[in-house]
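Participant: Here it is: the structure, laid out below.
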Amino acid sequence: MLKKIALLIVLLFVTVNAEPFSKMATVKPTLVQEGDKKMWCGICGMNLKMFYKTSYIAGNKQYCSVRCLVADMRNSNIDLDSVKVIDINTQQPILAKSAVFVIGSDVKGTMSKVSKLAFSRSEEAEKFIKKHGGEIANFNRVIKDAKASLDRDSAMVGIKKQKMMYPMGKKIFTKKCQGNIDLNSFKAINELKAYIKDNNICKGINEKQLQAVALYLWDIKRDKKSKNSIEISVTKDDKCPVCGMFVYKYPKWITQIVYKDGNKLSFDGVKDMMKFYFNRTKYGKFETLTKENISNILVRDYYSQETIDAKSAFFVIGSDITGPMGEELIPFKNKQDAQTFMRDHNGKKIILFNEINLSNLK
């Protein structure tokens, strides 16, 4: 009994005296972007003061993490020799190529599963490792690892946004925001956030709520506006011709076949849509809606909910994720996301549209 009490006292002492690592700036942060948008990362919209110790600077751009830096490298020319990173101890920008990094400590990564923290001196990095774990690395290794995990990290972030941030943002925007916003007039999400805040578009919201609204508008509403030609739209009266369910109740799973004459049929999942595709006359008088008359076959990317062409999608079969009608073919815009999903959800195989048949539908 005395030993148990002693152990509890030790655990309590350790907990009370623990100093959890904070990524937030405790000095006046160096923010290099111009105007009000300087507060936020232009790739993901995260607050740079809150994630200052993991931020990077490339020219007049600032990122909350190396993940966002690497993501921007796909679209922008970035001179890695001039990139700066924030030193954990001094909280001042230092050249990333000269920094000493600690990879894989017990500190959570920013926009990534694995953290990558920078130090100006190897002694400070070693001291940090003794307390938080991890291993020493240089900037080349950090960039290499970030590139290798980018699609996986993006998929992880996508899941979180889909489950929490998009629904929250939609709810807040509907209840607390007013005024018209031309979403196509912004080049990056941090410009959108600055506009919402400066113009008091949303009343009485905090930083997390602002982020949710911005993500909803940037990822969901803006995409709809720029991709109307292949957007799925349904009414409350639309029923799946295969099972008879009202499809509007399952927005995440809705698929659609659009015909050249303007007709369109909506389904509550890829499985029922493909059953119809292979044997339309089994489900009603659809003799004239032949495959030759199809204009588009539309599905929604499982992570982003973006409307995509089914014929160019990647489908995961046999996973532990079920749709309104049970086991489903889960669609993705790119193969990397499909591979991540298959690994995380015990999927059996990735197939293309032309590989779907009645056998694997069963």
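Numbering starts fresh at 1 for the residues of each chain in the structure tokens, the chains themselves are lettered A, B, ... in the order given, and ligands are numbered from 1 as they appear.
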Considering only C-alpha atoms, tabulate each residue of segment 196-310 of chain A that lies at most 12 Å from segment 137-155 of chain A along with its nearest interatomic pair and the corresponding distance in Å to one decimal; arrange the rows by chain and ascending residue number and present them as a Markdown table.

Facilitator:
```
| residue | atom | partner | partner_atom | distance |
| --- | --- | --- | --- | --- |
| A:Asp301 | CA | A:Ala155 | CA | 11.2 |
| A:Tyr302 | CA | A:Ala155 | CA | 10.0 |
| A:Tyr303 | CA | A:Ala155 | CA | 6.9 |
| A:Ser304 | CA | A:Ala155 | CA | 8.8 |
```

Participant: Just the residues within 9 Å of segment 329-343 of chain A, please, counting only C-alpha atoms, with nothing from its chain fewer than 4 positions along; format it as number ranges by chain.

Facilitator: A: 151-152, 154-156, 253, 269-271, 299-304, 306-310, 312-319, 321-323, 347-350, 361

Participant: Please produce a file of the residues just selected, as a compact mmCIF listing (two decimals), in the first residue's frame, where the atoms kept are C-alpha atoms.

Facilitator:
```txt
# COMPACT_ATOMS: atom_id res chain seq x y z
CA ASP A 151 0.51 12.73 -49.56
CA ARG A 152 0.03 10.70 -46.40
CA SER A 154 -2.32 15.60 -46.59
CA ALA A 155 -4.71 12.66 -46.41
CA MET A 156 -4.56 12.76 -42.59
CA TRP A 253 -21.79 9.23 -50.79
CA GLY A 269 -23.06 5.20 -53.55
CA VAL A 270 -20.74 3.90 -56.23
CA LYS A 271 -21.96 0.34 -55.75
CA VAL A 299 -18.36 10.64 -57.79
CA ARG A 300 -16.98 12.48 -54.76
CA ASP A 301 -13.43 12.12 -53.49
CA TYR A 302 -13.76 10.51 -50.05
CA TYR A 303 -11.33 12.89 -48.35
CA SER A 304 -11.94 16.26 -50.00
CA GLU A 306 -14.56 17.24 -54.48
CA THR A 307 -16.68 16.13 -57.43
CA ILE A 308 -14.52 14.09 -59.83
CA ASP A 309 -14.91 12.10 -63.02
CA ALA A 310 -15.49 8.46 -62.07
CA SER A 312 -10.36 8.83 -63.84
CA ALA A 313 -10.87 7.93 -60.15
CA PHE A 314 -9.18 5.28 -58.01
CA PHE A 315 -11.53 3.00 -56.04
CA VAL A 316 -10.68 1.09 -52.85
CA ILE A 317 -12.66 -2.09 -52.32
CA GLY A 318 -13.04 -4.31 -49.26
CA SER A 319 -12.31 -1.65 -46.60
CA ILE A 321 -15.71 1.81 -44.10
CA THR A 322 -19.33 1.26 -45.06
CA GLY A 323 -21.80 3.48 -46.89
CA GLY A 347 -8.74 -2.18 -47.93
CA LYS A 348 -8.13 -5.17 -50.16
CA LYS A 349 -7.42 -3.61 -53.52
CA ILE A 350 -7.35 -0.41 -55.59
CA LEU A 361 -19.64 -5.39 -56.83
```

Participant: Nearest to Gly244 of chain A among A:Val258, A:Met165, A:Ala71, A:Leu265, with distances taken over only C-alpha atoms: which residue is it?

Facilitator: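 When distances to Gly244 of chain A are compared using only C-alpha atoms, the smallest one comes from A:Leu265.
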
Participant: Contacts of Lys239 of chain A at 12 Å or less, counting only C-alpha atoms, minus same-chain residues fewer than 2 places along, as a list in words?

Facilitator: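 The residues that qualify are Val234, Thr235, Lys236, Asp237, Pro241, Val242, Cys243, Gly244, Met245, Phe246, Val247, Tyr248, Lys249, Tyr250, Ile254, Thr255, Gln256, Lys264, Leu265, Ser266, Phe267, Asp268, Gly269, Asp272 and Met273 of chain A.
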
Participant: Of the candidates A:Tyr195, A:Pro93, A:Tyr52, A:Glu123, which one gets nearest to Gly35 of chain A if we count only C-alpha atoms?

Facilitator: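 Between A:Tyr195, A:Pro93, A:Tyr52, A:Glu123, the residue approaching Gly35 of chain A most closely is A:Tyr195.
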
Participant: So which one's closest to Ile57 of chain A, A:Ile201, A:Ile94, A:Ala214, A:Leu352? Using only C-alpha atoms, please.

Facilitator: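 Smallest distance to Ile57 of chain A is found for A:Ile94.
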
Participant: One decimal, in Å: what's the spacing between atom CA of Pro29 of chain A and atom CA of Cys41 of chain A?

Facilitator: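 Spanning atom CA of Pro29 of chain A to atom CA of Cys41 of chain A is a straight-line distance of 13.8 Å.
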
Participant: For Lys113 of chain A, which of A:Leu183, A:Ala99, A:Ile88, A:Val157 is the closest residue, counting only C-alpha atoms?

Facilitator: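 Checking each candidate against Lys113 of chain A, we get A:Val157 as the closest.
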
Participant: Which residues come within 12 Å of Gly134 of chain A, counting only C-alpha atoms, excluding same-chain residues fewer than 6 positions away, as a list in words?

Facilitator: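 Answer for this query is Phe101, Val102, Ile103, Gly104, Ser105, Asp106, Val107, Lys108, Val114, Ser115, Lys116, Leu117, Ala125, Glu126, Lys127 and Phe128 of chain A.
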
Participant: Given the selection you just returned, output its residues as a file containing C-alpha atoms, formatted as a short mmCIF file (atom, residue, chain, number, x, y, z; two decimals), in the first residue's frame.

Facilitator:
```cif
data_model
loop_
_atom_site.label_atom_id
_atom_site.label_comp_id
_atom_site.auth_asym_id
_atom_site.auth_seq_id
_atom_site.Cartn_x
_atom_site.Cartn_y
_atom_site.Cartn_z
CA PHE A 101 17.03 19.41 -36.76
CA VAL A 102 15.45 16.95 -34.38
CA ILE A 103 13.09 14.55 -36.13
CA GLY A 104 10.56 12.27 -34.43
CA SER A 105 10.48 13.63 -30.88
CA ASP A 106 7.45 13.31 -28.61
CA VAL A 107 6.33 16.74 -29.82
CA LYS A 108 3.42 16.44 -32.25
CA VAL A 114 6.24 13.50 -37.32
CA SER A 115 7.68 16.72 -35.88
CA LYS A 116 10.80 18.37 -37.31
CA LEU A 117 12.25 21.04 -35.01
CA ALA A 125 19.44 19.79 -30.16
CA GLU A 126 21.13 17.04 -28.13
CA LYS A 127 19.78 18.54 -24.91
CA PHE A 128 16.28 18.57 -26.40
#
```
